[in-house]
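Next up, model_14.cif (mmCIF, C-alpha atoms):
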```cif
data_my_file
loop_
_atom_site.group_PDB
_atom_site.id
_atom_site.type_symbol
_atom_site.label_atom_id
_atom_site.label_comp_id
_atom_site.auth_asym_id
_atom_site.auth_seq_id
_atom_site.Cartn_x
_atom_site.Cartn_y
_atom_site.Cartn_z
ATOM 1 C CA MET A 1101 83.257 73.852 121.562
ATOM 2 C CA ARG A 1102 86.366 74.865 119.628
ATOM 3 C CA ALA A 1103 88.127 77.964 120.926
ATOM 4 C CA PRO A 1104 88.516 80.823 118.442
ATOM 5 C CA PRO A 1105 92.014 81.355 117.058
ATOM 6 C CA PRO A 1106 94.105 84.147 118.571
ATOM 7 C CA PRO A 1107 93.829 87.530 116.802
ATOM 8 C CA ALA A 1108 97.336 87.265 115.324
ATOM 9 C CA ALA A 1109 96.502 83.878 113.777
ATOM 10 C CA SER A 1110 93.206 85.192 112.398
ATOM 11 C CA LEU A 1111 94.978 88.190 110.888
ATOM 12 C CA GLY A 1112 97.575 85.909 109.311
ATOM 13 C CA GLU A 1113 94.893 83.674 107.797
ATOM 14 C CA MET A 1114 93.020 86.701 106.470
ATOM 15 C CA ALA A 1115 96.167 88.162 104.899
ATOM 16 C CA THR A 1116 97.044 84.809 103.312
ATOM 17 C CA GLY A 1117 93.530 84.435 101.904
ATOM 18 C CA LEU A 1118 93.542 87.990 100.586
ATOM 19 C CA ALA A 1119 96.911 87.429 98.926
ATOM 20 C CA HIS A 1120 95.546 84.325 97.199
ATOM 21 C CA GLU A 1121 92.474 86.174 95.917
ATOM 22 C CA LEU A 1122 94.526 89.100 94.606
ATOM 23 C CA MET A 1123 96.905 86.846 92.694
ATOM 24 C CA GLN A 1124 94.132 85.596 90.403
ATOM 25 C CA PRO A 1125 93.063 88.945 88.889
ATOM 26 C CA LEU A 1126 96.716 89.985 88.644
ATOM 27 C CA GLN A 1127 97.423 86.850 86.605
ATOM 28 C CA ALA A 1128 94.498 87.706 84.316
ATOM 29 C CA ILE A 1129 95.797 91.266 83.892
ATOM 30 C CA MET A 1130 99.270 89.962 83.089
ATOM 31 C CA THR A 1131 97.993 87.473 80.507
ATOM 32 C CA GLY A 1132 95.776 90.060 78.827
ATOM 33 C CA THR A 1133 98.550 92.635 78.782
ATOM 34 C CA GLU A 1134 101.029 90.188 77.280
ATOM 35 C CA LEU A 1135 98.553 89.306 74.501
ATOM 36 C CA ALA A 1136 97.910 92.997 73.807
ATOM 37 C CA GLN A 1137 101.639 93.650 73.778
ATOM 38 C CA ALA A 1138 102.191 90.876 71.242
ATOM 39 C CA GLY A 1139 99.528 92.471 69.038
ATOM 40 C CA ALA A 1140 101.129 95.905 69.385
ATOM 41 C CA ARG A 1141 104.491 94.501 68.334
ATOM 42 C CA ARG A 1142 102.999 92.832 65.267
ATOM 43 C CA ILE A 1143 101.768 96.194 63.993
ATOM 44 C CA GLU A 1144 104.891 97.976 65.269
ATOM 45 C CA ALA A 1145 102.902 100.233 67.603
ATOM 46 C CA ASN A 1146 105.910 101.117 69.708
ATOM 47 C CA ASP A 1147 104.160 103.693 71.916
ATOM 48 C CA ILE A 1148 101.461 101.186 72.879
ATOM 49 C CA ASP A 1149 104.088 98.482 73.417
ATOM 50 C CA ALA A 1150 106.017 100.743 75.813
ATOM 51 C CA ARG A 1151 102.901 101.604 77.824
ATOM 52 C CA LEU A 1152 101.923 97.955 78.085
ATOM 53 C CA GLU A 1153 105.437 97.139 79.274
ATOM 54 C CA THR A 1154 104.931 99.658 82.092
ATOM 55 C CA VAL A 1155 101.700 97.882 83.041
ATOM 56 C CA LEU A 1156 103.517 94.548 83.144
ATOM 57 C CA GLU A 1157 106.256 95.976 85.351
ATOM 58 C CA GLN A 1158 103.656 97.172 87.848
ATOM 59 C CA VAL A 1159 101.891 93.793 87.813
ATOM 60 C CA VAL A 1160 105.187 92.032 88.544
ATOM 61 C CA ARG A 1161 105.830 94.504 91.360
ATOM 62 C CA ALA A 1162 102.356 93.889 92.822
ATOM 63 C CA ARG A 1163 102.861 90.127 92.677
ATOM 64 C CA GLY A 1164 106.155 90.492 94.536
ATOM 65 C CA ILE A 1165 104.467 92.526 97.262
ATOM 66 C CA ILE A 1166 101.730 89.906 97.622
ATOM 67 C CA ARG A 1167 104.237 87.044 97.829
ATOM 68 C CA ASN A 1168 106.140 88.862 100.548
ATOM 69 C CA LEU A 1169 102.909 89.638 102.388
ATOM 70 C CA ARG A 1170 101.855 85.977 102.248
ATOM 71 C CA ARG A 1171 105.187 84.810 103.670
ATOM 72 C CA PHE A 1172 105.243 87.635 106.224
ATOM 73 C CA ALA A 1173 101.737 86.779 107.458
ATOM 74 C CA GLY A 1174 102.446 83.056 107.594
ATOM 75 C CA GLY A 1175 105.298 83.420 110.064
ATOM 76 C CA GLU A 1176 107.426 80.444 111.067
ATOM 77 C CA PRO A 1177 107.001 77.595 113.553
ATOM 78 C CA GLU A 1178 108.394 78.390 116.989
ATOM 79 C CA THR A 1179 110.584 75.278 116.779
ATOM 80 C CA ALA A 1180 112.048 76.154 113.362
ATOM 81 C CA PRO A 1181 115.862 75.928 113.351
ATOM 82 C CA VAL A 1182 117.899 79.006 112.538
ATOM 83 C CA ARG A 1183 119.191 79.212 109.001
ATOM 84 C CA PRO A 1184 121.555 81.443 107.004
ATOM 85 C CA ILE A 1185 119.873 84.732 106.026
ATOM 86 C CA ARG A 1186 121.106 87.294 103.524
ATOM 87 C CA LEU A 1187 120.628 90.656 105.226
ATOM 88 C CA ALA A 1188 120.484 92.596 101.962
ATOM 89 C CA ALA A 1189 117.624 90.412 100.745
ATOM 90 C CA THR A 1190 115.835 90.660 104.097
ATOM 91 C CA ILE A 1191 116.020 94.453 104.014
ATOM 92 C CA GLY A 1192 114.875 94.364 100.389
ATOM 93 C CA ASN A 1193 111.805 92.311 101.327
ATOM 94 C CA VAL A 1194 110.923 94.758 104.100
ATOM 95 C CA MET A 1195 111.306 97.725 101.767
ATOM 96 C CA VAL A 1196 108.982 96.103 99.249
ATOM 97 C CA LEU A 1197 106.300 96.038 101.937
ATOM 98 C CA ILE A 1198 106.796 99.437 103.601
ATOM 99 C CA GLY A 1199 109.188 101.366 101.367
ATOM 100 C CA GLY A 1200 106.261 103.317 99.926
ATOM 101 C CA LEU A 1201 105.166 104.426 103.396
ATOM 102 C CA LEU A 1202 108.662 105.689 104.160
ATOM 103 C CA ARG A 1203 108.948 107.540 100.846
ATOM 104 C CA GLU A 1204 105.560 109.171 101.376
ATOM 105 C CA ALA A 1205 106.808 110.405 104.761
ATOM 106 C CA GLY A 1206 109.838 111.967 103.054
ATOM 107 C CA ILE A 1207 112.281 109.607 104.766
ATOM 108 C CA GLU A 1208 115.605 108.643 103.206
ATOM 109 C CA VAL A 1209 116.775 105.099 103.967
ATOM 110 C CA VAL A 1210 120.546 104.595 103.708
ATOM 111 C CA THR A 1211 121.908 101.023 103.768
ATOM 112 C CA LYS A 1212 125.594 100.172 104.310
ATOM 113 C CA LEU A 1213 126.328 96.475 104.844
ATOM 114 C CA GLU A 1214 129.795 95.036 105.397
ATOM 115 C CA PRO A 1215 130.558 92.081 103.087
ATOM 116 C CA ASP A 1216 131.790 90.036 106.066
ATOM 117 C CA GLY A 1217 128.441 90.472 107.806
ATOM 118 C CA GLU A 1218 126.151 89.852 104.869
ATOM 119 C CA VAL A 1219 124.862 86.437 106.029
ATOM 120 C CA VAL A 1220 123.643 85.743 109.577
ATOM 121 C CA LEU A 1221 121.881 82.898 111.356
ATOM 122 C CA GLY A 1222 118.258 83.458 112.286
ATOM 123 C CA HIS A 1223 114.620 83.105 111.265
ATOM 124 C CA PRO A 1224 114.022 84.982 107.984
ATOM 125 C CA VAL A 1225 110.371 85.980 108.433
ATOM 126 C CA ALA A 1226 110.799 86.860 112.104
ATOM 127 C CA LEU A 1227 113.736 89.122 111.279
ATOM 128 C CA GLU A 1228 111.621 90.838 108.619
ATOM 129 C CA GLN A 1229 108.903 91.379 111.215
ATOM 130 C CA VAL A 1230 111.376 92.924 113.664
ATOM 131 C CA LEU A 1231 112.880 95.232 111.037
ATOM 132 C CA THR A 1232 109.425 96.282 109.874
ATOM 133 C CA ASN A 1233 108.489 97.223 113.427
ATOM 134 C CA LEU A 1234 111.714 99.196 113.929
ATOM 135 C CA LEU A 1235 111.314 101.082 110.648
ATOM 136 C CA ILE A 1236 107.686 101.951 111.347
ATOM 137 C CA ASN A 1237 108.654 103.176 114.812
ATOM 138 C CA ALA A 1238 111.407 105.304 113.263
ATOM 139 C CA ARG A 1239 108.924 106.749 110.781
ATOM 140 C CA ASP A 1240 106.600 107.720 113.639
ATOM 141 C CA ALA A 1241 109.482 109.338 115.534
ATOM 142 C CA LEU A 1242 110.531 111.303 112.452
ATOM 143 C CA ALA A 1243 106.978 112.514 111.879
ATOM 144 C CA GLY A 1244 107.388 114.931 114.775
ATOM 145 C CA ARG A 1245 110.578 116.517 113.446
ATOM 146 C CA PRO A 1246 110.588 120.003 111.870
ATOM 147 C CA PRO A 1247 110.419 120.109 108.045
ATOM 148 C CA GLY A 1248 114.012 121.338 107.745
ATOM 149 C CA ALA A 1249 115.456 118.640 110.006
ATOM 150 C CA PRO A 1250 116.998 115.498 108.449
ATOM 151 C CA HIS A 1251 114.492 112.673 107.980
ATOM 152 C CA ARG A 1252 116.774 109.661 107.605
ATOM 153 C CA ILE A 1253 117.095 106.043 108.702
ATOM 154 C CA ASP A 1254 120.511 104.362 108.507
ATOM 155 C CA LEU A 1255 120.850 100.579 108.298
ATOM 156 C CA SER A 1256 124.407 99.350 108.775
ATOM 157 C CA THR A 1257 126.309 96.258 109.892
ATOM 158 C CA ARG A 1258 129.563 95.469 111.656
ATOM 159 C CA ALA A 1259 131.003 91.958 111.882
ATOM 160 C CA GLU A 1260 133.230 91.110 114.825
ATOM 161 C CA ASP A 1261 134.154 87.971 116.798
ATOM 162 C CA GLY A 1262 131.675 85.735 114.979
ATOM 163 C CA LEU A 1263 128.789 88.152 115.475
ATOM 164 C CA VAL A 1264 127.033 90.643 113.219
ATOM 165 C CA ARG A 1265 125.586 93.836 114.663
ATOM 166 C CA LEU A 1266 122.820 95.335 112.538
ATOM 167 C CA ARG A 1267 122.139 98.943 113.518
ATOM 168 C CA VAL A 1268 118.901 100.779 112.786
ATOM 169 C CA ALA A 1269 119.529 104.465 113.526
ATOM 170 C CA ASP A 1270 117.150 107.365 112.932
ATOM 171 C CA THR A 1271 117.298 111.138 113.193
ATOM 172 C CA GLY A 1272 114.113 111.334 115.245
ATOM 173 C CA GLY A 1273 115.617 113.004 118.305
ATOM 174 C CA GLY A 1274 115.999 109.948 120.522
ATOM 175 C CA ILE A 1275 114.110 108.271 123.365
ATOM 176 C CA ARG A 1276 113.565 109.683 126.826
ATOM 177 C CA PRO A 1277 116.342 108.371 129.129
ATOM 178 C CA ASP A 1278 113.818 107.109 131.680
ATOM 179 C CA LEU A 1279 112.291 104.821 129.014
ATOM 180 C CA THR A 1280 115.347 103.310 127.354
ATOM 181 C CA ALA A 1281 115.950 100.734 130.101
ATOM 182 C CA ARG A 1282 112.305 99.572 129.973
ATOM 183 C CA LEU A 1283 111.570 99.895 126.263
ATOM 184 C CA PHE A 1284 111.382 96.140 125.614
ATOM 185 C CA GLU A 1285 108.922 95.536 128.437
ATOM 186 C CA PRO A 1286 105.283 94.868 127.431
ATOM 187 C CA PHE A 1287 103.062 97.952 127.135
ATOM 188 C CA VAL A 1288 105.946 100.425 127.413
ATOM 189 C CA THR A 1289 105.731 102.857 124.487
ATOM 190 C CA THR A 1290 106.851 106.319 123.484
ATOM 191 C CA LYS A 1291 103.688 106.806 121.425
ATOM 192 C CA GLY A 1292 100.334 108.165 122.501
ATOM 193 C CA PRO A 1293 97.580 105.778 123.657
ATOM 194 C CA ASP A 1294 95.872 105.997 120.271
ATOM 195 C CA LYS A 1295 99.000 105.150 118.242
ATOM 196 C CA GLY A 1296 100.605 102.091 119.818
ATOM 197 C CA THR A 1297 100.012 99.159 122.149
ATOM 198 C CA GLY A 1298 103.546 98.974 123.518
ATOM 199 C CA LEU A 1299 103.848 95.329 122.430
ATOM 200 C CA GLY A 1300 105.844 95.653 119.200
ATOM 201 C CA LEU A 1301 109.271 96.000 120.799
ATOM 202 C CA SER A 1302 108.511 93.381 123.432
ATOM 203 C CA ILE A 1303 107.574 90.909 120.689
ATOM 204 C CA SER A 1304 110.653 91.922 118.677
ATOM 205 C CA HIS A 1305 112.836 91.200 121.704
ATOM 206 C CA GLY A 1306 111.309 87.736 122.018
ATOM 207 C CA LEU A 1307 111.770 86.977 118.317
ATOM 208 C CA ILE A 1308 115.433 88.004 118.304
ATOM 209 C CA THR A 1309 116.130 86.099 121.529
ATOM 210 C CA ALA A 1310 114.564 82.976 120.003
ATOM 211 C CA MET A 1311 117.137 83.224 117.200
ATOM 212 C CA GLY A 1312 119.981 83.185 119.706
ATOM 213 C CA GLY A 1313 120.564 86.908 119.287
ATOM 214 C CA SER A 1314 120.012 90.099 121.234
ATOM 215 C CA ILE A 1315 118.558 93.572 120.677
ATOM 216 C CA GLU A 1316 119.359 96.754 122.553
ATOM 217 C CA VAL A 1317 118.667 100.470 122.248
ATOM 218 C CA ASN A 1318 120.520 103.656 123.045
ATOM 219 C CA ASN A 1319 120.509 107.263 121.929
ATOM 220 C CA GLY A 1320 122.970 108.578 119.379
ATOM 221 C CA PRO A 1321 123.748 112.161 118.374
ATOM 222 C CA GLU A 1322 120.634 112.474 116.196
ATOM 223 C CA GLY A 1323 118.190 109.881 117.441
ATOM 224 C CA ALA A 1324 117.554 106.336 118.600
ATOM 225 C CA ILE A 1325 119.875 103.474 117.654
ATOM 226 C CA PHE A 1326 118.589 99.899 117.809
ATOM 227 C CA THR A 1327 121.265 97.215 117.523
ATOM 228 C CA ILE A 1328 120.384 93.634 116.615
ATOM 229 C CA THR A 1329 123.184 91.132 117.248
ATOM 230 C CA LEU A 1330 123.098 87.719 115.528
ATOM 231 C CA PRO A 1331 125.673 84.978 114.884
ATOM 232 C CA VAL A 1332 127.460 85.240 111.571
ATOM 233 C CA ALA A 1333 126.759 82.369 109.158
ATOM 234 C CA THR A 1334 129.764 80.584 107.713
ATOM 235 C CA ALA A 1335 127.774 79.139 104.792
ATOM 236 C CA PRO A 1336 125.451 80.880 102.314
ATOM 237 C CA PRO A 1337 121.705 80.148 102.297
ATOM 238 C CA ALA A 1338 121.028 76.707 100.876
ATOM 239 C CA ASP A 1339 118.026 77.867 98.829
ATOM 240 C CA ALA A 1340 118.946 80.773 96.578
ATOM 241 C CA ALA A 1341 115.295 81.206 95.614
ATOM 242 C CA TRP A 1342 114.436 82.082 99.191
ATOM 243 C CA VAL A 1343 115.144 85.802 98.960
ATOM 244 C CA ALA A 1344 115.822 86.213 102.663
#
```

As structure tokens, how would this structure be written, given the file I've shared?
Amino acid sequence: MRAPPPPAASLGEMATGLAHELMQPLQAIMTGTELAQAGARRIEANDIDARLETVLEQVVRARGIIRNLRRFAGGEPETAPVRPIRLAATIGNVMVLIGGLLREAGIEVVTKLEPDGEVVLGHPVALEQVLTNLLINARDALAGRPPGAPHRIDLSTRAEDGLVRLRVADTGGGIRPDLTARLFEPFVTTKGPDKGTGLGLSISHGLITAMGGSIEVNNGPEGAIFTITLPVATAPPADAAWVA
């Protein structure tokens, strides 16, 4: 009897299937909207044309989200070699997926990337998964802050000695000192039992280590600072169409 797939694999297959199903009606909406827009332009109905253009923009945005979700859910083989990754594109992909959640929580995301540290070596999808986990954790930490306190996440890089350090810093107040040394251990979490399994950071540590990098955490003046260190890439990504 065949063993059932692990939950993560099942979730990935479900997300991929859902993405495929959603693409079909979106394509139909796009085709219909483009035909209607052509008709509006023939009769010079500029107001209708402008509204249809807004619909098309949202369809394109939805398709981009679905493509990112499909790639995100698919993951990468454990034996995949590291490749050059554009950090700006990686962060952009993550923001497509969860930027709305951060905006709804009233969080400002500030990105400052050094040109010398724009391209690193790693696994694109895995790095997106790690950044997504860190940003969601920061959102949860900021949820407990008073309304007047700053709700901000800073993403910045520093290149030095052939390495790039990507910092994810929040203004969430920081992590208890007794937990910082154990935060990447399985089942260690700062969240309540109903809000986290304590596996996200442990998995993130494993993913970054598999890329030949490292991840560490400490407290800054306003909150937690996670630092991902990866080798700098001396060549740009070979496939410009691969956004990350």

#### Entry: Length of the atom CA of Val1194 of chain A to atom CA of Ala1335 of chain A vector [Å]
23.0 Å

#### Entry: Polymer residues at most 8 Å from Leu1301 of chain A, all atoms listed in the file, same-chain spacing of 5 or more positions, as a ChimeraX atom specification
/A:1233-1234,1283-1286

### Task
Output the residue selection produced by the PyMOL selection byres ((chain A and resi 1311) around 7) on the file above, formatted as a list in words.
Val1182, Gly1222, His1223, Leu1307, Ile1308, Thr1309, Ala1310, Gly1312 and Gly1313 of chain A

### Message
If the PyMOL selection byres ((chain A and resi 1329) around 7) were run on this exact file, what residues would it hold? Put them as a ChimeraX atom specification.
### Response
/A:1263-1266,1313-1315,1327-1328,1330

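For the residues A:Glu1214, A:Glu1153, A:Glu1204, A:Glu1121, ranking by smallest atom-to-atom distance to Val1332 of chain A using all atoms listed in the file places A:Glu1214 first.
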
### Message
Given all atoms listed in the file as the basis, pick out the residue of A:Leu1197, A:Ala1238, A:Ala1324, A:Leu1221 nearest to His1251 of chain A.
### Response
A:Ala1238

Got a sec to write segment 1229-1268 of chain A of the block to a file, C-alpha atoms, as a CSV table (one decimal), in the first residue's frame?
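And here is the file that came out, selection-v4.csv:
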```
chain,number,residue,atom,x,y,z
A,1229,GLN,CA,10.0,31.1,1.8
A,1230,VAL,CA,12.5,32.3,4.5
A,1231,LEU,CA,11.7,36.0,3.9
A,1232,THR,CA,8.0,35.3,3.9
A,1233,ASN,CA,8.3,33.6,7.3
A,1234,LEU,CA,10.4,36.4,8.7
A,1235,LEU,CA,8.0,39.1,7.5
A,1236,ILE,CA,4.9,37.3,8.8
A,1237,ASN,CA,6.7,36.8,12.2
A,1238,ALA,CA,7.5,40.6,12.2
A,1239,ARG,CA,3.8,41.4,11.4
A,1240,ASP,CA,2.7,39.2,14.4
A,1241,ALA,CA,5.2,41.0,16.7
A,1242,LEU,CA,4.1,44.4,15.6
A,1243,ALA,CA,0.4,43.5,16.1
A,1244,GLY,CA,1.0,43.8,19.9
A,1245,ARG,CA,2.5,47.3,19.7
A,1246,PRO,CA,0.5,50.4,20.8
A,1247,PRO,CA,-1.3,52.3,17.9
A,1248,GLY,CA,1.1,55.3,18.3
A,1249,ALA,CA,4.2,53.2,18.1
A,1250,PRO,CA,6.1,52.8,14.8
A,1251,HIS,CA,4.9,49.8,12.8
A,1252,ARG,CA,7.9,49.3,10.4
A,1253,ILE,CA,10.0,46.6,8.9
A,1254,ASP,CA,13.4,47.5,7.4
A,1255,LEU,CA,15.1,45.3,4.7
A,1256,SER,CA,18.7,46.3,4.1
A,1257,THR,CA,21.9,44.8,2.8
A,1258,ARG,CA,25.6,45.2,3.4
A,1259,ALA,CA,28.3,43.6,1.2
A,1260,GLU,CA,31.6,42.8,2.7
A,1261,ASP,CA,34.4,40.3,2.1
A,1262,GLY,CA,32.5,38.3,-0.6
A,1263,LEU,CA,29.4,38.0,1.6
A,1264,VAL,CA,26.1,39.8,1.6
A,1265,ARG,CA,24.2,40.4,4.9
A,1266,LEU,CA,20.5,40.9,4.4
A,1267,ARG,CA,18.9,42.3,7.5
A,1268,VAL,CA,15.2,42.1,8.4
```
